[in-house]
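What's in final.cif: mmCIF, C-alpha atoms and all ligand atoms
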data_coords
loop_
_atom_site.label_atom_id
_atom_site.label_comp_id
_atom_site.auth_asym_id
_atom_site.auth_seq_id
_atom_site.Cartn_x
_atom_site.Cartn_y
_atom_site.Cartn_z
CA MET A 1 18.43 4.83 -26.43
CA PRO A 2 17.50 2.32 -23.68
CA ALA A 3 17.02 -1.26 -24.86
CA GLU A 4 13.57 -2.55 -25.68
CA GLU A 5 12.19 -4.80 -22.95
CA SER A 6 9.20 -7.11 -23.06
CA THR A 7 6.85 -8.90 -20.69
CA PRO A 8 3.38 -10.40 -20.56
CA ALA A 9 1.01 -7.80 -19.12
CA ILE A 10 -2.62 -7.09 -18.29
CA VAL A 11 -4.06 -3.62 -18.89
CA LEU A 12 -5.48 -2.17 -15.66
CA ARG A 13 -6.40 1.29 -16.89
CA ALA A 14 -6.15 3.28 -20.12
CA ARG A 15 -7.12 6.68 -21.40
CA ASP A 16 -6.73 8.68 -24.56
CA TYR A 17 -4.01 11.29 -24.63
CA SER A 18 -3.91 13.89 -27.41
CA GLU A 19 -5.13 12.95 -30.88
CA SER A 20 -3.59 9.55 -31.27
CA ASP A 21 -1.86 8.41 -28.07
CA ARG A 22 -2.93 6.33 -25.10
CA ILE A 23 -1.69 6.45 -21.51
CA VAL A 24 -1.85 2.98 -20.04
CA THR A 25 -1.26 1.35 -16.65
CA LEU A 26 -0.48 -2.37 -16.71
CA LEU A 27 0.36 -5.15 -14.31
CA THR A 28 3.30 -7.04 -15.80
CA ARG A 29 4.71 -10.46 -15.04
CA HIS A 30 8.33 -9.33 -14.87
CA PHE A 31 8.38 -5.67 -13.81
CA GLY A 32 5.46 -5.10 -11.44
CA LYS A 33 3.13 -2.27 -12.29
CA LEU A 34 4.08 -0.03 -15.21
CA SER A 35 2.58 3.12 -16.65
CA GLY A 36 3.44 4.19 -20.14
CA ILE A 37 2.53 6.20 -23.17
CA ALA A 38 1.68 4.43 -26.41
CA LYS A 39 2.39 6.86 -29.23
CA GLY A 40 0.06 6.40 -32.16
CA ALA A 41 -1.83 3.63 -30.41
CA LYS A 42 -5.14 4.68 -31.90
CA ALA A 43 -3.86 4.57 -35.47
CA SER A 44 -1.18 1.90 -35.76
CA ARG A 45 -2.63 -1.58 -36.17
CA ARG A 46 0.84 -2.79 -37.06
CA ARG A 47 2.48 -1.91 -33.72
CA PHE A 48 -0.66 -2.28 -31.64
CA GLU A 49 -2.10 -5.54 -32.81
CA ARG A 50 -3.83 -5.76 -29.43
CA LYS A 51 -5.88 -2.80 -28.29
CA LEU A 52 -4.76 -1.26 -25.04
CA GLU A 53 -8.01 -1.35 -23.09
CA PRO A 54 -8.80 -2.55 -19.56
CA PHE A 55 -8.70 -6.38 -19.39
CA SER A 56 -6.49 -6.68 -22.52
CA GLN A 57 -3.80 -9.34 -22.08
CA VAL A 58 -0.79 -8.54 -24.21
CA ALA A 59 2.85 -9.16 -24.93
CA LEU A 60 4.11 -5.67 -24.06
CA TYR A 61 7.23 -4.10 -25.57
CA PHE A 62 8.58 -0.89 -24.08
CA ARG A 63 11.60 1.32 -23.52
CA ARG A 64 12.34 3.07 -20.27
CA ARG A 65 12.99 6.78 -20.25
CA PRO A 66 16.02 8.08 -18.34
CA HIS A 67 13.88 10.66 -16.56
CA GLY A 68 10.17 10.48 -16.06
CA GLN A 69 7.59 8.09 -14.76
CA LEU A 70 6.07 6.89 -18.01
CA VAL A 71 7.79 4.30 -20.18
CA PHE A 72 7.48 4.40 -23.98
CA ILE A 73 5.25 1.55 -25.05
CA THR A 74 6.52 0.54 -28.47
CA ARG A 75 4.33 -2.46 -29.32
CA ALA A 76 1.50 -4.58 -27.92
CA GLU A 77 1.02 -8.01 -29.44
CA ARG A 78 -1.32 -10.85 -28.72
CA GLY A 79 -0.61 -12.36 -25.28
CA GLU A 80 -0.66 -15.99 -24.13
CA THR A 81 -4.36 -15.78 -23.30
CA ASP A 82 -7.27 -13.62 -24.38
CA ALA A 83 -9.19 -11.14 -22.26
CA PRO A 84 -12.25 -12.67 -20.56
CA VAL A 85 -15.55 -12.21 -22.37
CA ILE A 86 -17.66 -10.27 -19.89
CA GLU A 87 -19.36 -7.53 -21.92
CA ASP A 88 -22.91 -8.85 -21.66
CA ASP A 89 -22.93 -9.47 -17.90
CA LEU A 90 -23.14 -6.55 -15.46
CA ALA A 91 -22.06 -8.62 -12.45
CA LYS A 92 -18.97 -9.79 -14.34
CA ILE A 93 -18.15 -6.25 -15.43
CA ALA A 94 -18.50 -5.08 -11.83
CA LEU A 95 -16.32 -7.85 -10.40
CA GLY A 96 -13.77 -7.61 -13.22
CA SER A 97 -13.44 -3.84 -12.81
CA TYR A 98 -12.93 -4.33 -9.08
CA MET A 99 -10.26 -6.97 -9.74
CA LEU A 100 -8.31 -4.53 -11.91
CA GLU A 101 -8.67 -1.65 -9.46
CA LEU A 102 -7.68 -3.73 -6.44
CA ALA A 103 -4.62 -5.05 -8.32
CA GLU A 104 -3.59 -1.48 -9.07
CA ALA A 105 -4.06 -0.48 -5.42
CA LEU A 106 -2.05 -3.40 -4.01
CA THR A 107 0.98 -3.21 -6.34
CA SER A 108 3.62 -0.55 -6.84
CA GLU A 109 5.79 0.72 -9.67
CA GLU A 110 8.95 0.06 -7.67
CA ALA A 111 8.60 -3.66 -6.96
CA GLU A 112 8.07 -6.79 -9.02
CA ALA A 113 4.68 -8.41 -8.54
CA ALA A 114 4.77 -11.73 -10.36
CA ASP A 115 2.53 -13.41 -7.77
CA ALA A 116 -0.09 -10.66 -8.06
CA TYR A 117 0.09 -10.90 -11.87
CA HIS A 118 -0.68 -14.63 -11.73
CA VAL A 119 -3.49 -14.13 -9.21
CA LEU A 120 -5.11 -11.56 -11.51
CA LEU A 121 -4.57 -13.71 -14.61
CA ASP A 122 -6.18 -16.75 -12.96
CA ALA A 123 -9.06 -14.72 -11.53
CA LEU A 124 -9.89 -13.15 -14.90
CA GLY A 125 -9.76 -16.61 -16.44
CA ALA A 126 -12.23 -17.91 -13.85
CA LEU A 127 -14.43 -14.86 -14.41
CA GLY A 128 -14.48 -15.51 -18.15
CA ARG A 129 -15.56 -19.12 -17.68
CA GLY A 130 -18.09 -18.98 -14.85
CA PRO A 131 -20.58 -16.67 -13.15
CA ALA A 132 -19.41 -13.79 -10.93
CA THR A 133 -19.88 -15.07 -7.39
CA LEU A 134 -19.22 -13.65 -3.95
CA ALA A 135 -16.90 -16.61 -3.30
CA MET A 136 -14.92 -15.62 -6.41
CA ARG A 137 -14.61 -12.08 -5.07
CA GLN A 138 -13.47 -13.34 -1.67
CA ALA A 139 -11.05 -15.83 -3.22
CA TYR A 140 -9.50 -13.05 -5.28
CA GLU A 141 -9.26 -10.63 -2.36
CA MET A 142 -7.50 -13.16 -0.13
CA ARG A 143 -5.15 -14.38 -2.88
CA LEU A 144 -4.17 -10.89 -3.94
CA LEU A 145 -3.59 -9.88 -0.32
CA ARG A 146 -1.37 -12.94 0.13
CA ALA A 147 0.60 -12.01 -3.00
CA ALA A 148 1.06 -8.53 -1.52
CA GLY A 149 2.43 -10.01 1.71
CA PHE A 150 -0.75 -10.00 3.79
CA GLY A 151 -1.88 -13.58 4.29
CA LEU A 152 -5.14 -13.43 6.27
CA GLU A 153 -5.77 -16.18 8.82
CA PHE A 154 -9.33 -17.48 9.23
CA ALA A 155 -8.66 -21.13 10.06
CA HIS A 156 -6.83 -20.75 13.37
CA CYS A 157 -6.77 -18.37 16.30
CA ARG A 158 -3.84 -15.97 15.82
CA LEU A 159 -2.96 -16.22 19.52
CA CYS A 160 -3.44 -19.84 20.60
CA ALA A 161 -3.72 -21.57 17.18
CA THR A 162 -6.89 -23.51 17.97
CA THR A 163 -9.34 -23.80 15.09
CA GLY A 164 -12.44 -21.61 15.25
CA THR A 165 -14.83 -24.51 15.55
CA GLU A 166 -13.10 -25.90 18.62
CA ARG A 167 -14.00 -22.78 20.53
CA GLY A 168 -17.70 -22.48 19.88
CA GLY A 169 -19.85 -20.42 17.58
CA ALA A 170 -17.88 -17.21 17.06
CA VAL A 171 -14.42 -15.82 16.37
CA TYR A 172 -13.18 -12.21 16.25
CA PHE A 173 -11.29 -10.73 13.32
CA VAL A 174 -8.55 -8.34 14.43
CA VAL A 175 -7.35 -6.02 11.64
CA ALA A 176 -3.97 -5.39 13.28
CA ARG A 177 -3.31 -9.15 13.41
CA GLY A 178 -4.69 -9.92 9.95
CA GLY A 179 -6.70 -12.81 11.32
CA VAL A 180 -9.14 -14.16 13.86
CA VAL A 181 -8.83 -14.84 17.57
CA CYS A 182 -11.00 -17.35 19.43
CA THR A 183 -13.53 -16.66 22.18
CA ARG A 184 -11.04 -17.59 24.91
CA CYS A 185 -8.43 -15.14 23.58
CA ARG A 186 -11.04 -12.45 22.91
CA PRO A 187 -10.13 -10.43 26.07
CA GLN A 188 -6.65 -9.88 24.58
CA ALA A 189 -8.08 -8.52 21.30
CA PRO A 190 -8.79 -4.80 20.79
CA GLU A 191 -12.28 -3.33 21.06
CA GLY A 192 -12.98 -2.97 17.34
CA ALA A 193 -12.63 -6.66 16.45
CA VAL A 194 -15.24 -7.93 13.96
CA ARG A 195 -17.38 -10.69 15.44
CA MET A 196 -17.77 -13.52 12.92
CA ALA A 197 -19.82 -16.70 13.01
CA ALA A 198 -17.43 -19.66 13.05
CA ALA A 199 -19.16 -20.85 9.86
CA SER A 200 -18.08 -17.64 8.06
CA ALA A 201 -14.48 -18.06 9.17
CA ILE A 202 -14.50 -21.68 8.01
CA ALA A 203 -15.97 -20.66 4.64
CA LEU A 204 -13.19 -18.11 4.11
CA ALA A 205 -10.50 -20.57 5.16
CA ARG A 206 -11.81 -23.09 2.62
CA ILE A 207 -12.02 -20.50 -0.15
CA ALA A 208 -8.46 -19.36 0.58
CA ALA A 209 -7.11 -22.92 0.43
CA ALA A 210 -9.01 -24.22 -2.62
CA PRO A 211 -7.52 -23.90 -6.11
CA TRP A 212 -9.24 -22.00 -8.93
CA PRO A 213 -11.85 -22.60 -10.22
CA GLU A 214 -13.20 -24.70 -7.33
CA ALA A 215 -12.82 -21.77 -4.92
CA ALA A 216 -15.37 -19.72 -6.87
CA ALA A 217 -17.99 -22.46 -6.52
CA LEU A 218 -17.69 -22.85 -2.73
CA SER A 219 -20.08 -21.32 -0.18
CA HIS A 220 -19.13 -17.72 0.51
CA SER A 221 -18.91 -16.28 4.00
CA GLY A 222 -21.69 -14.22 5.51
CA ALA A 223 -21.66 -10.40 5.65
CA ASP A 224 -19.44 -10.63 8.75
CA GLY A 225 -16.64 -12.21 6.70
CA ALA A 226 -17.05 -9.65 3.92
CA LEU A 227 -16.84 -6.90 6.56
CA ALA A 228 -13.63 -8.39 8.00
CA ILE A 229 -11.93 -8.39 4.58
CA ALA A 230 -13.24 -4.89 3.78
CA ARG A 231 -11.90 -3.53 7.10
CA PHE A 232 -8.50 -5.06 6.41
CA LEU A 233 -8.37 -3.66 2.88
CA ALA A 234 -9.35 -0.22 4.18
CA SER A 235 -6.47 -0.39 6.66
CA ILE A 236 -3.84 -0.77 3.92
CA ILE A 237 -5.37 1.13 0.98
CA ASP A 238 -5.38 4.88 1.45
CA ARG A 239 -8.25 5.66 -0.91
CA LYS A 240 -11.76 4.50 -1.65
CA LEU A 241 -11.96 2.20 -4.67
CA ARG A 242 -14.37 3.53 -7.29
CA SER A 243 -15.63 0.09 -8.28
CA VAL A 244 -16.68 -1.08 -4.81
CA GLU A 245 -20.05 0.65 -4.55
CA PHE A 246 -21.28 -0.79 -7.86
CA LEU A 247 -19.89 -4.22 -7.00
CA ASP A 248 -21.56 -4.25 -3.58
CA LYS A 249 -24.90 -3.71 -5.35
CA MET A 250 -24.28 -6.51 -7.88
CA ILE A 251 -22.92 -9.38 -5.76
ZN ZN B 1 -7.22 -18.38 20.90
#
As structure tokens - that is how I would like this structure written.
Ligand SMILES: [Zn+2]
Amino acid sequence: MPAEESTPAIVLRARDYSESDRIVTLLTRHFGKLSGIAKGAKASRRRFERKLEPFSQVALYFRRRPHGQLVFITRAERGETDAPVIEDDLAKIALGSYMLELAEALTSEEAEAADAYHVLLDALGALGRGPATLAMRQAYEMRLLRAAGFGLEFAHCRLCATTGTERGGAVYFVVARGGVVCTRCRPQAPEGAVRMAAASAIALARIAAAPWPEAAALSHSGADGALAIARFLASIIDRKLRSVEFLDKMI
């Protein structure tokens, strides 16, 4: 039998399977994303001290199976921190659900994702302590993208490195470059670039650079900045996220 392994983990998704089991997808600190089956999860309070539900933060114990995608989840104990308390706030539920879904979309079961784990952990902590804000959403999106290897650039022109404000009132976000170009370099950018007010680009650059929880309290970008991030996400995620429509209505 394979050895039992353990890691801190956050539950991204869970569903019942048969009478007493749960199938669970988690983002772990040490092993990237994992999906597993928890036999008897609905009955055994001894092995599953922590319920395996979205947002649960647990110390996960599991065994790999020689063949097959799902690991055997053997135990789930109390983790280092508790899940954020968000039940009574629709905006928090919407943003939290989006955070989990985006984390699932931007990580894989083949690669470790310690940075993404910490981004999600910090973001859920901030969500538990303060209101759900658009700046918090944008901070999370940019941090998670950075953890996935896609650092977006809003502070400087991707081509000539001047700052957006030096070149007047607008910059242009180019999806293929993952960042903005200035007015002077605009002729070298493709047709579909997203025009952004310089103020929006500056707001995103500040949010990206600030630590939690200050980032969530900063001014968010305008709709142009939100569109730039959404276009970039759409270019690397091959499906529509279920939580986006609800979130867009809430914040
Ligand atoms: Zn430029």
Name the residues in contact with A:Val119 at a cut-off of 8 Å, using all atoms listed in the file, excluding same-chain residues fewer than 2 positions from it; report them as number ranges by chain.
-> A: 115-117, 121-123, 140, 143-144, 147
Hey, can you spit out that residue selection with C-alpha atoms as a PDB file, keeping the file's coordinate frame?
ATOM      1  CA  ASP A 115       2.530 -13.410  -7.770  1.00  0.00           C
ATOM      2  CA  ALA A 116      -0.090 -10.660  -8.060  1.00  0.00           C
ATOM      3  CA  TYR A 117       0.090 -10.900 -11.870  1.00  0.00           C
ATOM      4  CA  LEU A 121      -4.570 -13.710 -14.610  1.00  0.00           C
ATOM      5  CA  ASP A 122      -6.180 -16.750 -12.960  1.00  0.00           C
ATOM      6  CA  ALA A 123      -9.060 -14.720 -11.530  1.00  0.00           C
ATOM      7  CA  TYR A 140      -9.500 -13.050  -5.280  1.00  0.00           C
ATOM      8  CA  ARG A 143      -5.150 -14.380  -2.880  1.00  0.00           C
ATOM      9  CA  LEU A 144      -4.170 -10.890  -3.940  1.00  0.00           C
ATOM     10  CA  ALA A 147       0.600 -12.010  -3.000  1.00  0.00           C
TER      11      ALA A 147
END
Show me as a ChimeraX atom specification the residues that reach within 9 Å of (-20.9, -2.5, -7.9), counting only C-alpha atoms and using the file's own coordinates.
-> /A:90-91,93-95,98,242-251
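If all atoms listed in the file are the atoms counted, then among A:Glu104, A:Asp238, A:Glu141, A:Glu191 the closest residue to A:Gly225 is A:Glu141.
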Residues at most 9 Å from ligand ZN 1 (chain B), using only C-alpha atoms and all ligand atoms? Could they come as an MDAnalysis selection string?
-> chainID A and resid 156:164 167 171 180:186
Hey, could you pull the box centre and edge lengths for stretch 238-242 of chain A, axis-aligned, 8 Å padding per side, all listed atoms, to one decimal in Å, as JSON?
{"center_x": -9.9, "center_y": 3.9, "center_z": -2.9, "size_x": 25.0, "size_y": 19.5, "size_z": 24.7}
Between A:Val58, A:Leu204, A:Ile23, A:Ala226, single out the one closest to A:Leu152, counting all atoms listed in the file.
->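 Of all the options, A:Leu204 lies closest to A:Leu152.
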In Å to one decimal, how far is atom CA of A:Ala170 from atom CA of A:Ala155?
->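 Separating atom CA of A:Ala155 from atom CA of A:Ala170 is a distance of 12.2 Å.
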Please identify all polymer residues lying at most 9 Å from the point (3.9, -10.9, -17.9) (file coordinates), using all atoms listed in the file, and present the result as number ranges by chain.
-> A: 6-10, 27-32, 57-60, 79, 114, 117-118
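Atom CA of A:Ala205 sits 18.4 Å away from atom CA of A:Ala176.
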Test item: residues at most 9 Å from A:Ser108, only C-alpha atoms, excluding those fewer than 3 positions along its chain, as a ChimeraX atom specification = /A:32-34,104-105,111-113
Identify which of the residues A:Gln188, A:Ser18, A:Ser56, A:Ser219 lies closest to A:Met136, counting only C-alpha atoms when measuring atom-to-atom distances.
->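 Checking each of A:Gln188, A:Ser18, A:Ser56, A:Ser219 against A:Met136, counting only C-alpha atoms, the winner is A:Ser219.
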With all atoms listed in the file as the basis for distance, which of A:Ala38, A:Leu134, A:Ala103, A:Ala76 is at the shortest distance from A:Ala216?
->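 Checking each of A:Ala38, A:Leu134, A:Ala103, A:Ala76 against A:Ala216, counting all atoms listed in the file, the winner is A:Leu134.
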Separating atom CA of A:Gly68 from atom CA of A:Lys240, to the nearest tenth of an Å, is a gap of 26.9 Å
Have a look at A:Gln69, A:Gly192, A:Glu4, A:Thr107 and name the one nearest to A:Ala148; count only C-alpha atoms.
->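 Under the stated criterion, the closest residue is A:Thr107.
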Show which residues sit within 12 Å of A:Ala3, as a list in words. Count only C-alpha atoms, and ignore same-chain residues fewer than 5 positions away.
->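 The contact residues come out as Tyr61, Phe62, Arg63, Arg64, Arg65, Pro66, Val71, Phe72 and Thr74 of chain A.
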